[in-house]
Amino acid sequence: MTNILVTGGAGYIGSHACKALKAAGYTPVTYDNLSTGWADAVKFGPFEQGELSDRDRLDQVFAAYQPAAVLHFAALSQVGEAMRIPEVYWHNNVLGSLTLMQAAVHAGCLKFVFSSTCATYGDQDNVVLDEDCDQHPINAYGASKRAIEDILRDFQRAYGLNNVIFRYFNVAGADPEAEVGEFHQPETHLIPLMLDAIDGKRDALTIFGTDWDTPDGTCIRDYVHVCDLVDAHILGLKWLEDEKDSRAFNLGTGTGFSVREVIDHSGAVTNRDVPILEGPRRPGDCTKLVSGSTRAETELGWMPKRSTMDQMIADAWRWHQTGHYEK
């Protein structure tokens, strides 16, 4: 079977991508330093531990497996942390990705699928966010991802590194079979934090800001199921296999949910109340991020199947109740 190098394959999205790759007939080769990923999540192919900044180690892995393509998920992704220590994001995300691209080109692996983010658009209220919108990130996380997109375009022109860029909106849910799921330390994502509060693993869920310019005063986000998201990556890989041009795609549903609306939906799924605390806004947050694009649907043929809010919470709740990885 064809080998695919998956950076960050021990993490939340990467592990789901590895399962989808295996189901599609590929062999996913996970490359991860386990700083935020979990060895127990590597279930669907070989595992190679290493740093993105370690060119020698990357060269060894490319030589050993001769992957046909790279799916690049590995990155730091906490907005609050990016505001406090931006240099870490520039060093890890940008320099690490640059080293990975150099190793891929050196190995003749010229198909590259990149995990980017809607955070590259910044805070653009009342703007329909499609792939042609200006990118004005307001934190180092989004800025580092935008910089990697720019490097990819340069590498495509200079070296023929063909690429598909996916700008995610909020990823949620878990594998319906609960083989892999979402577990971060520390946890920063709304739905797992909410489930922890429901389950008594934390005292309460903190809502960061109740005075945003939205109908109920809380931030609005576009949520997409992780399984739908990784399905798009398989389609992106096939896009490159068909020798199509490099392309950027938004991955969202076009429907926004406020924090309070997500909390309300959790009651219907879990039949439990969510203990809540109201806190101040977090630096680097945006009021509203919702996709207005249909490009992934019309060009890739991508159609989300599990991205209803109730389904995302139900799948996450099932995973939550089965237990988590252990370091």
# chains A, B, ... in the order shown; residues from 1 in each chain; ligands from 1
>>> residues_around(residues="segment 272-285 of chain A", least_positions_apart="2", cutoff="7 Å", atoms="only C-alpha atoms", output="PyMOL selection string")
chain A and resi 79-80+83+138-139+194+197-198+204-209+263+267+270+287
>>> write_last_selection(atoms="N, CA and C atoms", output="PDB file, in the first residue's frame")
ATOM      1  N   VAL A  79      -4.677  29.631  21.226  1.00  0.00           N
ATOM      2  CA  VAL A  79      -4.691  31.071  20.973  1.00  0.00           C
ATOM      3  C   VAL A  79      -4.150  31.851  22.170  1.00  0.00           C
ATOM      4  N   GLY A  80      -4.584  31.501  23.371  1.00  0.00           N
ATOM      5  CA  GLY A  80      -4.107  32.221  24.553  1.00  0.00           C
ATOM      6  C   GLY A  80      -2.613  32.131  24.715  1.00  0.00           C
ATOM      7  N   MET A  83      -0.776  34.303  22.295  1.00  0.00           N
ATOM      8  CA  MET A  83      -0.733  35.712  22.668  1.00  0.00           C
ATOM      9  C   MET A  83       0.349  35.978  23.712  1.00  0.00           C
ATOM     10  N   ILE A 138      -5.042  37.907  14.021  1.00  0.00           N
ATOM     11  CA  ILE A 138      -4.859  38.801  15.169  1.00  0.00           C
ATOM     12  C   ILE A 138      -4.103  38.118  16.304  1.00  0.00           C
ATOM     13  N   ASN A 139      -3.534  36.948  16.034  1.00  0.00           N
ATOM     14  CA  ASN A 139      -2.695  36.284  17.029  1.00  0.00           C
ATOM     15  C   ASN A 139      -1.604  35.495  16.316  1.00  0.00           C
ATOM     16  N   MET A 194     -16.769  21.408  28.258  1.00  0.00           N
ATOM     17  CA  MET A 194     -18.167  21.328  28.680  1.00  0.00           C
ATOM     18  C   MET A 194     -18.494  19.934  29.214  1.00  0.00           C
ATOM     19  N   ALA A 197     -17.098  19.428  32.617  1.00  0.00           N
ATOM     20  CA  ALA A 197     -17.909  20.095  33.642  1.00  0.00           C
ATOM     21  C   ALA A 197     -19.173  19.288  33.938  1.00  0.00           C
ATOM     22  N   ILE A 198     -19.802  18.758  32.899  1.00  0.00           N
ATOM     23  CA  ILE A 198     -20.995  17.924  33.092  1.00  0.00           C
ATOM     24  C   ILE A 198     -20.663  16.704  33.936  1.00  0.00           C
ATOM     25  N   ALA A 204     -16.644  23.902  36.752  1.00  0.00           N
ATOM     26  CA  ALA A 204     -17.591  24.605  35.887  1.00  0.00           C
ATOM     27  C   ALA A 204     -16.933  24.904  34.551  1.00  0.00           C
ATOM     28  N   LEU A 205     -17.768  25.210  33.578  1.00  0.00           N
ATOM     29  CA  LEU A 205     -17.300  25.690  32.280  1.00  0.00           C
ATOM     30  C   LEU A 205     -17.275  27.212  32.322  1.00  0.00           C
ATOM     31  N   THR A 206     -16.153  27.799  31.988  1.00  0.00           N
ATOM     32  CA  THR A 206     -16.047  29.258  31.961  1.00  0.00           C
ATOM     33  C   THR A 206     -16.381  29.774  30.568  1.00  0.00           C
ATOM     34  N   ILE A 207     -17.316  30.708  30.503  1.00  0.00           N
ATOM     35  CA  ILE A 207     -17.630  31.408  29.253  1.00  0.00           C
ATOM     36  C   ILE A 207     -16.766  32.664  29.215  1.00  0.00           C
ATOM     37  N   PHE A 208     -15.919  32.766  28.202  1.00  0.00           N
ATOM     38  CA  PHE A 208     -14.984  33.884  28.120  1.00  0.00           C
ATOM     39  C   PHE A 208     -15.607  35.041  27.354  1.00  0.00           C
ATOM     40  N   GLY A 209     -16.258  35.902  28.093  1.00  0.00           N
ATOM     41  CA  GLY A 209     -16.872  37.083  27.512  1.00  0.00           C
ATOM     42  C   GLY A 209     -18.347  36.873  27.243  1.00  0.00           C
ATOM     43  N   ILE A 263     -23.944  24.994  24.599  1.00  0.00           N
ATOM     44  CA  ILE A 263     -24.311  24.516  25.940  1.00  0.00           C
ATOM     45  C   ILE A 263     -25.754  24.008  25.954  1.00  0.00           C
ATOM     46  N   GLY A 267     -27.489  19.728  26.660  1.00  0.00           N
ATOM     47  CA  GLY A 267     -28.537  19.221  27.527  1.00  0.00           C
ATOM     48  C   GLY A 267     -29.402  18.182  26.835  1.00  0.00           C
ATOM     49  N   THR A 270     -26.969  14.921  26.573  1.00  0.00           N
ATOM     50  CA  THR A 270     -26.487  14.247  27.782  1.00  0.00           C
ATOM     51  C   THR A 270     -27.524  14.182  28.893  1.00  0.00           C
ATOM     52  N   THR A 287     -15.005  37.685  17.405  1.00  0.00           N
ATOM     53  CA  THR A 287     -16.431  37.682  17.691  1.00  0.00           C
ATOM     54  C   THR A 287     -17.144  36.528  16.983  1.00  0.00           C
TER      55      THR A 287
END
>>> closest_atom_pairs(of="segment 175-244 of chain A", to="segment 157-168 of chain A", cutoff="10 Å", atoms="only C-alpha atoms", output="JSON lines")
{"residue": "A:Asp222", "atom": "CA", "partner": "A:Tyr168", "partner_atom": "CA", "distance": 9.3}
{"residue": "A:Tyr223", "atom": "CA", "partner": "A:Tyr168", "partner_atom": "CA", "distance": 9.1}
{"residue": "A:Val224", "atom": "CA", "partner": "A:Tyr168", "partner_atom": "CA", "distance": 8.2}
{"residue": "A:Leu229", "atom": "CA", "partner": "A:Tyr168", "partner_atom": "CA", "distance": 8.1}
{"residue": "A:Ala232", "atom": "CA", "partner": "A:Phe166", "partner_atom": "CA", "distance": 8.5}
{"residue": "A:His233", "atom": "CA", "partner": "A:Phe166", "partner_atom": "CA", "distance": 8.1}
{"residue": "A:Leu235", "atom": "CA", "partner": "A:Val164", "partner_atom": "CA", "distance": 9.9}
{"residue": "A:Gly236", "atom": "CA", "partner": "A:Val164", "partner_atom": "CA", "distance": 6.2}
{"residue": "A:Leu237", "atom": "CA", "partner": "A:Val164", "partner_atom": "CA", "distance": 7.9}
{"residue": "A:Trp239", "atom": "CA", "partner": "A:Val164", "partner_atom": "CA", "distance": 8.2}
{"residue": "A:Leu240", "atom": "CA", "partner": "A:Asn162", "partner_atom": "CA", "distance": 7.0}
{"residue": "A:Glu241", "atom": "CA", "partner": "A:Asn162", "partner_atom": "CA", "distance": 9.9}
{"residue": "A:Glu243", "atom": "CA", "partner": "A:Asn162", "partner_atom": "CA", "distance": 8.4}
{"residue": "A:Lys244", "atom": "CA", "partner": "A:Asn162", "partner_atom": "CA", "distance": 8.5}
>>> select_by_dssp(residues="segment 181-275 of chain A", states="strand (DSSP E or B)", output="list in words")
Leu205, Thr206, Ile207, Phe208, Ile220, Arg221, Asp222, Tyr223, Val224, His225, Arg247, Ala248, Phe249, Asn250, Leu251, Gly256, Phe257 and Ser258 of chain A
>>> write_last_selection(atoms="N, CA and C atoms", output="JSON list (two decimals), in the first residue's frame")
[["chain", "number", "residue", "atom", "x", "y", "z"],
["A", 205, "LEU", "N", -17.77, 25.21, 33.58],
["A", 205, "LEU", "CA", -17.30, 25.69, 32.28],
["A", 205, "LEU", "C", -17.28, 27.21, 32.32],
["A", 206, "THR", "N", -16.15, 27.80, 31.99],
["A", 206, "THR", "CA", -16.05, 29.26, 31.96],
["A", 206, "THR", "C", -16.38, 29.77, 30.57],
["A", 207, "ILE", "N", -17.32, 30.71, 30.50],
["A", 207, "ILE", "CA", -17.63, 31.41, 29.25],
["A", 207, "ILE", "C", -16.77, 32.66, 29.22],
["A", 208, "PHE", "N", -15.92, 32.77, 28.20],
["A", 208, "PHE", "CA", -14.98, 33.88, 28.12],
["A", 208, "PHE", "C", -15.61, 35.04, 27.35],
["A", 220, "ILE", "N", -19.42, 33.34, 18.44],
["A", 220, "ILE", "CA", -20.05, 32.42, 17.49],
["A", 220, "ILE", "C", -18.98, 31.75, 16.65],
["A", 221, "ARG", "N", -19.11, 30.42, 16.51],
["A", 221, "ARG", "CA", -18.17, 29.66, 15.71],
["A", 221, "ARG", "C", -18.92, 28.66, 14.82],
["A", 222, "ASP", "N", -18.25, 28.27, 13.75],
["A", 222, "ASP", "CA", -18.71, 27.28, 12.80],
["A", 222, "ASP", "C", -18.03, 25.96, 13.16],
["A", 223, "TYR", "N", -18.82, 24.94, 13.50],
["A", 223, "TYR", "CA", -18.26, 23.67, 13.96],
["A", 223, "TYR", "C", -18.37, 22.60, 12.87],
["A", 224, "VAL", "N", -17.29, 21.81, 12.72],
["A", 224, "VAL", "CA", -17.27, 20.74, 11.74],
["A", 224, "VAL", "C", -16.79, 19.47, 12.43],
["A", 225, "HIS", "N", -17.45, 18.36, 12.14],
["A", 225, "HIS", "CA", -17.09, 17.08, 12.76],
["A", 225, "HIS", "C", -15.72, 16.63, 12.28],
["A", 247, "ARG", "N", -4.39, 24.39, -4.25],
["A", 247, "ARG", "CA", -5.68, 25.03, -3.98],
["A", 247, "ARG", "C", -5.89, 25.15, -2.48],
["A", 248, "ALA", "N", -6.58, 26.20, -2.07],
["A", 248, "ALA", "CA", -6.97, 26.39, -0.68],
["A", 248, "ALA", "C", -8.48, 26.20, -0.56],
["A", 249, "PHE", "N", -8.89, 25.54, 0.54],
["A", 249, "PHE", "CA", -10.30, 25.28, 0.79],
["A", 249, "PHE", "C", -10.64, 25.59, 2.24],
["A", 250, "ASN", "N", -11.76, 26.29, 2.45],
["A", 250, "ASN", "CA", -12.33, 26.39, 3.78],
["A", 250, "ASN", "C", -13.06, 25.09, 4.11],
["A", 251, "LEU", "N", -12.98, 24.68, 5.38],
["A", 251, "LEU", "CA", -13.75, 23.53, 5.84],
["A", 251, "LEU", "C", -14.63, 23.96, 7.01],
["A", 256, "GLY", "N", -23.31, 28.96, 12.18],
["A", 256, "GLY", "CA", -22.63, 29.38, 13.39],
["A", 256, "GLY", "C", -23.43, 29.07, 14.64],
["A", 257, "PHE", "N", -22.73, 28.68, 15.70],
["A", 257, "PHE", "CA", -23.34, 28.44, 17.01],
["A", 257, "PHE", "C", -22.61, 29.29, 18.04],
["A", 258, "SER", "N", -23.38, 29.97, 18.88],
["A", 258, "SER", "CA", -22.77, 30.69, 19.99],
["A", 258, "SER", "C", -22.39, 29.71, 21.09]]
>>> residues_around(residues="Asp40 of chain A", least_positions_apart="2", cutoff="12 Å", atoms="only C-alpha atoms", output="list of chain:residue names")
A:Gly9, A:Ala10, A:Gly11, A:Tyr12, A:Ser15, A:Leu34, A:Gly37, A:Trp38, A:Val42, A:Lys43, A:Phe44, A:Phe47, A:Glu179, A:Val180, A:Gly181, A:Phe183, A:Gly323, A:His324, A:Tyr325, A:Glu326, A:Lys327
>>> write_last_selection(atoms="N, CA and C atoms", output="CSV table (one decimal), in the first residue's frame")
chain,number,residue,atom,x,y,z
A,9,GLY,N,0.4,12.8,13.8
A,9,GLY,CA,-0.6,11.7,13.7
A,9,GLY,C,-1.0,11.1,15.0
A,10,ALA,N,-0.3,11.5,16.1
A,10,ALA,CA,-0.7,11.0,17.4
A,10,ALA,C,-1.7,12.0,18.1
A,11,GLY,N,-2.0,13.1,17.4
A,11,GLY,CA,-2.9,14.1,18.0
A,11,GLY,C,-4.3,13.9,17.6
A,12,TYR,N,-5.2,14.8,18.0
A,12,TYR,CA,-6.6,14.7,17.8
A,12,TYR,C,-7.0,14.5,16.4
A,15,SER,N,-4.8,11.6,14.4
A,15,SER,CA,-5.2,10.2,14.6
A,15,SER,C,-6.4,9.8,13.9
A,34,LEU,N,5.1,13.6,20.4
A,34,LEU,CA,4.3,13.3,21.6
A,34,LEU,C,4.3,14.4,22.6
A,37,GLY,N,0.6,14.9,21.6
A,37,GLY,CA,-0.1,13.7,21.1
A,37,GLY,C,0.0,12.6,22.1
A,38,TRP,N,-0.5,11.4,21.7
A,38,TRP,CA,-0.6,10.3,22.6
A,38,TRP,C,-0.2,9.0,21.8
A,42,VAL,N,-1.8,6.0,18.2
A,42,VAL,CA,-1.2,5.5,17.0
A,42,VAL,C,-1.6,4.0,16.8
A,43,LYS,N,-2.6,3.8,16.0
A,43,LYS,CA,-3.2,2.4,15.9
A,43,LYS,C,-3.3,1.9,14.5
A,44,PHE,N,-3.0,2.8,13.5
A,44,PHE,CA,-3.3,2.4,12.2
A,44,PHE,C,-2.2,2.3,11.2
A,47,PHE,N,4.9,4.1,13.6
A,47,PHE,CA,5.1,5.3,14.3
A,47,PHE,C,6.6,5.6,14.3
A,179,GLU,N,-12.5,4.7,18.9
A,179,GLU,CA,-11.1,4.2,18.9
A,179,GLU,C,-10.1,5.3,19.2
A,180,VAL,N,-10.5,6.5,18.7
A,180,VAL,CA,-9.6,7.7,19.0
A,180,VAL,C,-10.6,8.8,19.3
A,181,GLY,N,-10.1,9.9,19.9
A,181,GLY,CA,-10.9,11.0,20.3
A,181,GLY,C,-10.1,12.2,20.6
A,183,PHE,N,-8.4,14.7,23.3
A,183,PHE,CA,-7.9,14.8,24.7
A,183,PHE,C,-6.7,15.6,24.6
A,323,GLY,N,-13.1,6.7,28.4
A,323,GLY,CA,-11.8,6.9,29.0
A,323,GLY,C,-10.8,7.6,28.0
A,324,HIS,N,-9.7,8.0,28.5
A,324,HIS,CA,-8.8,8.8,27.7
A,324,HIS,C,-7.4,8.1,27.6
A,325,TYR,N,-6.6,8.6,26.8
A,325,TYR,CA,-5.2,8.1,26.7
A,325,TYR,C,-4.5,8.4,28.0
A,326,GLU,N,-3.4,7.6,28.2
A,326,GLU,CA,-2.6,7.9,29.4
A,326,GLU,C,-1.2,8.1,28.9
A,327,LYS,N,-0.5,9.1,29.5
A,327,LYS,CA,0.9,9.3,29.1
A,327,LYS,C,1.8,8.2,29.5
>>> residues_around(residues="segment 49-57 of chain A", least_positions_apart="2", cutoff="12 Å", atoms="only C-alpha atoms", output="VMD selection string")
chain A and resid 6 to 10 29 to 35 37 to 39 42 46 to 47 59 to 64 72 to 76 91 to 104 106 to 107
>>> residues_around(residues="segment 20-22 of chain A", least_positions_apart="4", cutoff="8 Å", atoms="only C-alpha atoms", output="JSON, numbers by chain")
{"A": [16, 26, 27, 28, 44, 45, 230, 231, 234]}
>>> residues_around(residues="segment 122-137 of chain A", least_positions_apart="4", cutoff="9 Å", atoms="only C-alpha atoms", output="list in words")
Cys118, Tyr141, Gly142, Ala143, Ser144, Arg146, Arg167, Ala248, Phe249, Asn250, Asp285, Cys286, Thr287, Lys288, Leu289, Val290, Ser291, Gly292, Ser293, Thr294 and Arg295 of chain A
>>> closest_residue(among="A:Pro215, A:Ala174, A:Cys109, A:Glu87", to="Ala314 of chain A", atoms="only C-alpha atoms")
A:Ala174
>>> select_by_dssp(residues="segment 238-279 of chain A", states="alpha helix (DSSP H)", output="MDAnalysis selection string")
chainID A and resid 238:241 259:270
>>> write_last_selection(atoms="N, CA and C atoms", output="short mmCIF file (atom, residue, chain, number, x, y, z; two decimals), in the first residue's frame")
data_model
loop_
_atom_site.label_atom_id
_atom_site.label_comp_id
_atom_site.auth_asym_id
_atom_site.auth_seq_id
_atom_site.Cartn_x
_atom_site.Cartn_y
_atom_site.Cartn_z
N LYS A 238 -6.41 12.86 -3.01
CA LYS A 238 -6.77 12.38 -4.34
C LYS A 238 -6.70 13.52 -5.37
N TRP A 239 -7.02 14.73 -4.94
CA TRP A 239 -6.90 15.92 -5.80
C TRP A 239 -5.46 16.05 -6.29
N LEU A 240 -4.52 15.89 -5.39
CA LEU A 240 -3.11 15.99 -5.77
C LEU A 240 -2.67 14.79 -6.61
N GLU A 241 -3.19 13.61 -6.29
CA GLU A 241 -2.86 12.42 -7.10
C GLU A 241 -3.34 12.58 -8.54
N VAL A 259 -21.57 30.18 22.02
CA VAL A 259 -21.19 29.32 23.15
C VAL A 259 -22.43 28.87 23.91
N ARG A 260 -23.34 29.79 24.15
CA ARG A 260 -24.55 29.41 24.89
C ARG A 260 -25.41 28.41 24.11
N GLU A 261 -25.43 28.52 22.80
CA GLU A 261 -26.20 27.56 22.00
C GLU A 261 -25.58 26.17 22.08
N VAL A 262 -24.27 26.09 22.07
CA VAL A 262 -23.61 24.79 22.21
C VAL A 262 -23.96 24.18 23.56
N ILE A 263 -23.94 24.99 24.60
CA ILE A 263 -24.31 24.52 25.94
C ILE A 263 -25.75 24.01 25.95
N ASP A 264 -26.64 24.73 25.29
CA ASP A 264 -28.03 24.31 25.25
C ASP A 264 -28.18 22.95 24.55
N HIS A 265 -27.45 22.75 23.47
CA HIS A 265 -27.52 21.48 22.76
C HIS A 265 -27.00 20.33 23.62
N SER A 266 -26.04 20.60 24.48
CA SER A 266 -25.48 19.52 25.30
C SER A 266 -26.53 18.92 26.22
N GLY A 267 -27.49 19.73 26.66
CA GLY A 267 -28.54 19.22 27.53
C GLY A 267 -29.40 18.18 26.83
N ALA A 268 -29.68 18.43 25.53
CA ALA A 268 -30.50 17.49 24.78
C ALA A 268 -29.79 16.15 24.58
N VAL A 269 -28.46 16.19 24.50
CA VAL A 269 -27.68 14.98 24.24
C VAL A 269 -27.38 14.21 25.52
N THR A 270 -26.97 14.92 26.57
CA THR A 270 -26.49 14.25 27.78
C THR A 270 -27.52 14.18 28.89
#
>>> closest_residue(among="A:Val70, A:Gln185, A:Lys305, A:Asp150", to="Val105 of chain A", atoms="only C-alpha atoms")
A:Val70
>>> residues_around(residues="Ala69 of chain A", least_positions_apart="6", cutoff="8 Å", atoms="only C-alpha atoms", output="PyMOL selection string")
chain A and resi 3-5+109-113+237
>>> atom_distance(atom1="atom CA of Ala23 of chain A", atom2="atom CA of Asp245 of chain A")
25.6 Å
